[in-house]
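Shown next, in structure tokens, is the structure this report addresses.
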Amino acid sequence: MVRPCRTPTGGSNSTLPPNSEWYWRFNVLKAEILVWQHLDDQSLALNQPDLPPSLATSDLAVWRRLSQAVASAYVHRLPDARRYLDEAEAMAEAHHAELLGQVALRRGTVLFGDGAVSDAESAYHRALLLAREEKNPFLEAAALGSLGVVTAKQQHYDQSLDWNRAALQLSRSIGAESSVARVLGNMGWSFLELGDDDNALENYRQAEEAARRNGQIGDELYWRTGIAAVYHLERDYRSAEAVLKQALDQVRRQDDKSIASEYLNELSELALETGNWAAAEGVFKGSGGSCAIGWRPDRGARHHVDLWAHRRNQGALQRGGEPAPRPNHRPKSAHGATMGSGCALGHAI
Amino acid sequence: MANGYSHVLGDVDSTDKHTSQSTMVVERLNILDVLTADRVVARLTSEHAPKNKEGHVITLRTKFENLRISGYAAEVEFDHSFFLSRATFDELSKNAAELKNSGRMAQESHGVILCSLVKSLKVGSPRTRLMSIRIYLYADLMSATLYCCTMGRGEGPRDHGSTFREDLCRRNAAGTGLQKDHPAARGSGLAASGLVGGGPGSHQRAHLAIKKRFLLACLVSCCLCGCDPFKRPQHLYEEGWRELNKGNLGQAMQDADRGLKLYTSPQQ
């Protein structure tokens with residue numbers, strides 16, 4: 001949930017040039033929007049200049065740090081993210097208790113991205129509690145949706161769907177369309193894991209459409225990987241590949257490289273699945289060997305294994321020997337939450 | 001509003017058919033933070049072949065882009081086909097009753113048909129009902145009123161401003177309905193300017209009242225407020241956050257950019 005910062009009060013700001021505070025307010029607002037669009041480097045650049053001393057303890061300063069924390073987490077600078085969060089929390093505790101719920105929500109996001117799932121869950125519960133105390137439905141919807149993600153990560157998919165349904169209902173009732181989009185996508189993930197491909201595909205499609213409507217570019221691209229995953233599971237490789245290739249150029253322009261990594265991983269998996277080794281090599285090289293970056297290093301490692309097996313087979317065949325058996329590679333069964341979706345959901349549904 | 005412009009163009013082809021078009025555009029319309037639209041385009045195109053008694057006026061490309069009422073998306077459906085399929089005043093006149101029966105504004109008096117181009121309006125919020133918008137300016141904007149009449153060659157509107165003011169006073173007193181003593185019936189204002197009866201060589205003319213009223217409405221709004229509402233940062237700022245909360249990132253970004261444009265960096 002994001003809320004307007006307090007408006008300028010004059011008085012203490014009298015030393016600022018005229019309208020200076022409005023400049024900073026619009027600046028922080030824009031940086032926050034950029035985070036939502038997954039244009040994280042741009043957001044960080046916008047928030048780079050320090051606020052004037054008169055605004056150093058204002059709500060703006062807290063919001064700035066919160067945006068920086070999530071943007072840093074998205075671009076995998078976790079130490080920075082943690083530092084920004086600590087500073088935001090200290091400022092909020094001292095001057096802006098009303099923002100502690102936001103701090104808790106984003107702490108959950110950063111912890112989740114760091115793999116500390118149970119700590120993230122605690123943070124989300126705290127955010128939910130504060131949201132209800134403050135009667136802040138936007139924050140409450142965000143916390144509910146984030147708990148949905150965190151429970152899905154713990155493979156409690158039914159419980160996740162319950163959280164998500166509550167989040168969806170609340171989000172729709174308050175017109176929080178971006179939350180609706182993210183919750184739908186995350187529900188798609190749970191359905192996929194539960195083997196309900198039809199519902200998974202439907203939810204992913206709705207999420208993609210809603211994200212496109214809202215201008216959530218990163219999310220729109222990300223939910224495509226969910227759609228591709230469903231096709232992949234159904235062994236409709238051509239459709240899966242088409243969905244991904246259609247937006248590959250756009251994905252490469254995103255600051256959040258985890259989305260590009262997802263695309264490349266998925267494409268190389270598809271190539272491996274169909275025995276198109278050359279294409280798999282091409283995708284892997286095209287990624288600069290970086291398929292393992294991001295939040296799913298296990299998947300990158302799997303590609304190494306497959307490609308290694310392929311090369312060994314080639315060598316064996318050249319020597320006239322029997323090909324080595326392929327590692328047991330099956331279509332991925334899960335559309336895992338990455339910072340591009342699950343954690344994004346955590347920061348500001 | 002951020003920008004407003006208009007242009008006209010015309011042409012005569014080898015068969016002496018006259019074609020003319022007028023377009024008026026208002027960008028980033030914002031009336032008291034209640035009614036907003038990214039763009040409002042009013043366009044009339046007239047095609048008049050010498051063999052025809054009247055020219056054919058169509059309204060295609062008239063549109064609202066991202067029209068919002070109290071922040072809720074409003075979808076306006078224009079009935080362009082009504083004017084496409086009815087080329088003359090007589091044909092319009094025959095169908096005025098049909099319009100009225102369907103619940104739309106359609107009144108004919110002294111050779112003038114006053115009707116709305118709007119076929120339907122859907123507002124996103126269940127709590128927002130168009131009929132609850134009693135402010136005249138909004139009601140008239142939404143109705144996209146058309147004055148249709150015949151007019152002798154060379155005749156033209158005389159006093160749009162007075163028509164507007166008279167309309168304003170009249171409607172404020174009696175809701176949004178058209179009164180029997182509408183300027184058209186009293187021989188004043190645009191609709192009465194040399195229109196009654198038509199006659200040989202007359203043209204069908206349509207005046208999309210929305211065109212000039214948009215500008216006037218904005219001006220009136222500004223005067224009533226005593227300031228320029230588009231330069232009040234707090235509204236813009238809060239609107240930006242509201243849009244962000246709702247997930248309308250494009251609109252939120254536009255608000256932020258506009259704010260940054262108005263309030264440049266103190267370091268610059």
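Please note that chains go A, B, ... in the order of the structure tokens, that every chain numbers its residues from 1, and that ligands are numbered from 1 in the order shown.
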
Could I get the residues of chain B with an atom no further than 9 Å from an atom of chain A, each paired with its nearest atom pair and that distance in Å to one decimal, using only C-alpha atoms, sorted by chain and residue number, as CSV?
```
residue,atom,partner,partner_atom,distance
B:Pro233,CA,A:Trp22,CA,7.1
B:Gln234,CA,A:Thr7,CA,6.9
B:Tyr237,CA,A:Phe26,CA,6.8
B:Glu238,CA,A:Pro4,CA,5.8
B:Glu239,CA,A:Pro4,CA,8.7
B:Gly240,CA,A:Leu29,CA,7.6
B:Trp241,CA,A:Pro4,CA,5.4
B:Arg242,CA,A:Arg3,CA,7.5
B:Leu244,CA,A:Ile33,CA,7.0
B:Asn245,CA,A:Val2,CA,5.9
B:Lys246,CA,A:Ala176,CA,4.3
B:Gly247,CA,A:Ser178,CA,4.2
B:Asn248,CA,A:Asn214,CA,4.9
B:Leu249,CA,A:Gly215,CA,5.4
B:Gly250,CA,A:Gly215,CA,5.8
B:Ala252,CA,A:Ile33,CA,7.3
B:Met253,CA,A:Lys30,CA,6.3
B:Asp255,CA,A:Phe26,CA,8.4
B:Ala256,CA,A:Phe26,CA,5.3
B:Asp257,CA,A:Lys30,CA,7.4
B:Arg258,CA,A:Phe26,CA,8.7
B:Gly259,CA,A:Phe26,CA,5.9
B:Leu260,CA,A:Tyr23,CA,5.9
B:Lys261,CA,A:Tyr23,CA,8.8
B:Leu262,CA,A:Tyr23,CA,8.3
B:Tyr263,CA,A:Tyr23,CA,5.1
B:Thr264,CA,A:Tyr23,CA,6.0
B:Ser265,CA,A:Tyr23,CA,6.0
B:Pro266,CA,A:Ser20,CA,5.6
```

So that I have them on file, write out the residues from the current selection with C-alpha atoms, as a compact mmCIF listing (two decimals), in the first residue's frame.
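Saved to result-v3.txt:
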```txt
# COMPACT_ATOMS: atom_id res chain seq x y z
CA PRO B 233 0.48 20.88 -6.37
CA GLN B 234 -1.32 19.23 -3.52
CA TYR B 237 0.36 15.09 -5.81
CA GLU B 238 -2.46 13.38 -3.99
CA GLU B 239 -3.99 12.38 -7.27
CA GLY B 240 -0.70 10.77 -8.27
CA TRP B 241 -0.64 8.66 -5.12
CA ARG B 242 -4.29 7.77 -5.52
CA LEU B 244 -0.66 4.58 -7.83
CA ASN B 245 -2.76 2.96 -5.10
CA LYS B 246 -5.34 1.99 -7.62
CA GLY B 247 -2.69 0.57 -9.89
CA ASN B 248 -3.06 3.08 -12.69
CA LEU B 249 0.65 3.55 -13.12
CA GLY B 250 0.46 5.45 -16.39
CA ALA B 252 0.27 8.28 -11.77
CA MET B 253 3.42 8.79 -13.80
CA ASP B 255 0.90 13.34 -12.57
CA ALA B 256 4.40 12.94 -11.20
CA ASP B 257 5.97 14.21 -14.41
CA ARG B 258 3.64 17.15 -14.47
CA GLY B 259 4.56 17.99 -10.90
CA LEU B 260 8.24 17.76 -11.70
CA LYS B 261 7.72 20.01 -14.68
CA LEU B 262 6.00 22.61 -12.56
CA TYR B 263 8.47 22.38 -9.70
CA THR B 264 11.92 21.95 -11.09
CA SER B 265 14.86 20.95 -9.01
CA PRO B 266 15.98 23.65 -6.61
```

* Skipping near chain neighbours, those fewer than 4 positions away, what residues fall within 8 Å of Gln107 (chain B) using only C-alpha atoms, listed as a PyMOL selection string? -> chain B and resi 96+100+113-115+178

Could those selected residues go to a file with C-alpha atoms, as a JSON list (two decimals), in the first residue's frame?
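Result saved to result20.json:
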```
[["chain", "number", "residue", "atom", "x", "y", "z"],
["B", 96, "ALA", "CA", -35.74, 12.43, -33.28],
["B", 100, "LYS", "CA", -36.26, 10.43, -27.35],
["B", 113, "ILE", "CA", -33.01, 19.57, -33.32],
["B", 114, "LEU", "CA", -31.13, 19.48, -30.07],
["B", 115, "CYS", "CA", -29.84, 16.03, -29.34],
["B", 178, "LEU", "CA", -34.04, 21.92, -22.35]]
```

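Atom to atom, CA of Tyr157 (chain A) and CA of Leu66 (chain A) stand 29.3 Å apart.
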
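Near Glu234 (chain A), within 12 Å and counting only C-alpha atoms, sit Leu192, Gly195, Asp196, Asp197, Asp198, Ala200, Leu201, Ile227, Ala228, Ala229, Val230, Tyr231, Tyr237, Arg238, Ser239, Ala240, Arg330, Pro331, Lys332 and Ser333 of chain A, not including residues fewer than 3 positions from it in the same chain.
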
With N, CA and C atoms retained, export the selected residues as a JSON list (two decimals), in the first residue's frame.
```json
[["chain", "number", "residue", "atom", "x", "y", "z"],
["A", 192, "LEU", "N", -1.07, -24.08, -10.31],
["A", 192, "LEU", "CA", -0.14, -24.87, -11.11],
["A", 192, "LEU", "C", 0.49, -25.97, -10.26],
["A", 195, "GLY", "N", -1.65, -28.82, -9.60],
["A", 195, "GLY", "CA", -1.98, -29.62, -10.78],
["A", 195, "GLY", "C", -3.23, -29.17, -11.50],
["A", 196, "ASP", "N", -3.75, -28.01, -11.11],
["A", 196, "ASP", "CA", -4.96, -27.49, -11.77],
["A", 196, "ASP", "C", -4.51, -26.55, -12.89],
["A", 197, "ASP", "N", -4.12, -27.14, -14.00],
["A", 197, "ASP", "CA", -3.53, -26.36, -15.09],
["A", 197, "ASP", "C", -4.51, -25.35, -15.68],
["A", 198, "ASP", "N", -5.76, -25.75, -15.79],
["A", 198, "ASP", "CA", -6.74, -24.85, -16.41],
["A", 198, "ASP", "C", -6.89, -23.57, -15.60],
["A", 200, "ALA", "N", -4.78, -22.45, -13.47],
["A", 200, "ALA", "CA", -3.49, -21.77, -13.47],
["A", 200, "ALA", "C", -3.38, -20.87, -14.70],
["A", 201, "LEU", "N", -3.70, -21.47, -15.84],
["A", 201, "LEU", "CA", -3.59, -20.71, -17.09],
["A", 201, "LEU", "C", -4.54, -19.52, -17.09],
["A", 227, "ILE", "N", 2.39, -18.38, -17.94],
["A", 227, "ILE", "CA", 1.61, -18.94, -19.04],
["A", 227, "ILE", "C", 2.45, -19.98, -19.78],
["A", 228, "ALA", "N", 3.71, -19.60, -20.02],
["A", 228, "ALA", "CA", 4.61, -20.52, -20.72],
["A", 228, "ALA", "C", 4.81, -21.80, -19.91],
["A", 229, "ALA", "N", 4.87, -21.65, -18.59],
["A", 229, "ALA", "CA", 5.08, -22.83, -17.74],
["A", 229, "ALA", "C", 3.91, -23.81, -17.87],
["A", 230, "VAL", "N", 2.71, -23.27, -17.95],
["A", 230, "VAL", "CA", 1.54, -24.15, -18.11],
["A", 230, "VAL", "C", 1.62, -24.89, -19.44],
["A", 231, "TYR", "N", 1.92, -24.15, -20.50],
["A", 231, "TYR", "CA", 2.05, -24.79, -21.81],
["A", 231, "TYR", "C", 3.15, -25.86, -21.78],
["A", 237, "TYR", "N", 5.08, -27.25, -26.43],
["A", 237, "TYR", "CA", 6.33, -26.49, -26.43],
["A", 237, "TYR", "C", 6.31, -25.29, -27.37],
["A", 238, "ARG", "N", 5.61, -25.48, -28.47],
["A", 238, "ARG", "CA", 5.59, -24.40, -29.47],
["A", 238, "ARG", "C", 4.89, -23.16, -28.89],
["A", 239, "SER", "N", 3.76, -23.39, -28.24],
["A", 239, "SER", "CA", 3.04, -22.24, -27.65],
["A", 239, "SER", "C", 3.87, -21.59, -26.55],
["A", 240, "ALA", "N", 4.50, -22.44, -25.75],
["A", 240, "ALA", "CA", 5.32, -21.92, -24.65],
["A", 240, "ALA", "C", 6.43, -21.02, -25.20],
["A", 330, "ARG", "N", 12.74, -33.32, -16.13],
["A", 330, "ARG", "CA", 11.31, -33.27, -16.42],
["A", 330, "ARG", "C", 10.89, -31.81, -16.49],
["A", 331, "PRO", "N", 9.76, -31.55, -17.09],
["A", 331, "PRO", "CA", 9.31, -30.16, -17.14],
["A", 331, "PRO", "C", 9.18, -29.60, -15.74],
["A", 332, "LYS", "N", 9.50, -28.36, -15.60],
["A", 332, "LYS", "CA", 9.43, -27.79, -14.25],
["A", 332, "LYS", "C", 7.98, -27.84, -13.78],
["A", 333, "SER", "N", 7.84, -28.12, -12.53],
["A", 333, "SER", "CA", 6.50, -28.27, -12.01],
["A", 333, "SER", "C", 6.03, -27.02, -11.31]]
```

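A straight line drawn from CA of Lys17 (chain B) to CA of Pro50 (chain B) is 6.3 Å long.
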
* **Within 9 Å of Trp163 (chain A) using only C-alpha atoms, minus same-chain residues under 6 positions, as number ranges by chain** => A: 144-149, 151

If you keep N, CA and C atoms, can you produce a file of those selected residues as a CSV table (one decimal), in the first residue's frame?
```
chain,number,residue,atom,x,y,z
A,144,LEU,N,-2.0,-9.5,3.1
A,144,LEU,CA,-2.7,-10.7,2.8
A,144,LEU,C,-2.1,-11.4,1.6
A,145,GLY,N,-1.9,-10.7,0.5
A,145,GLY,CA,-1.4,-11.3,-0.7
A,145,GLY,C,0.1,-11.8,-0.5
A,146,SER,N,0.8,-11.0,0.3
A,146,SER,CA,2.2,-11.4,0.5
A,146,SER,C,2.3,-12.7,1.4
A,147,LEU,N,1.3,-12.8,2.3
A,147,LEU,CA,1.3,-14.1,3.1
A,147,LEU,C,0.9,-15.2,2.1
A,148,GLY,N,0.1,-14.9,1.1
A,148,GLY,CA,-0.2,-15.9,0.1
A,148,GLY,C,1.0,-16.4,-0.6
A,149,VAL,N,1.9,-15.5,-0.9
A,149,VAL,CA,3.1,-15.9,-1.6
A,149,VAL,C,4.1,-16.7,-0.7
A,151,THR,N,3.4,-18.5,1.9
A,151,THR,CA,2.9,-19.8,2.2
A,151,THR,C,3.0,-20.7,1.0
```

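Taking CA of Asn66 (chain B) and CA of Arg28 (chain B) as the two end points, the separation is 9.6 Å.
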
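Using only C-alpha atoms, the shortest contact distance between Leu161 (chain A) and any of A:Ala141, A:Leu78, A:Met187, A:Ala88 is found at A:Met187.
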
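Nearest to Phe191 (chain A) of all the residues A:Thr225, A:Ala152, A:Glu208, A:Ser261 is A:Ala152, counting only C-alpha atoms.
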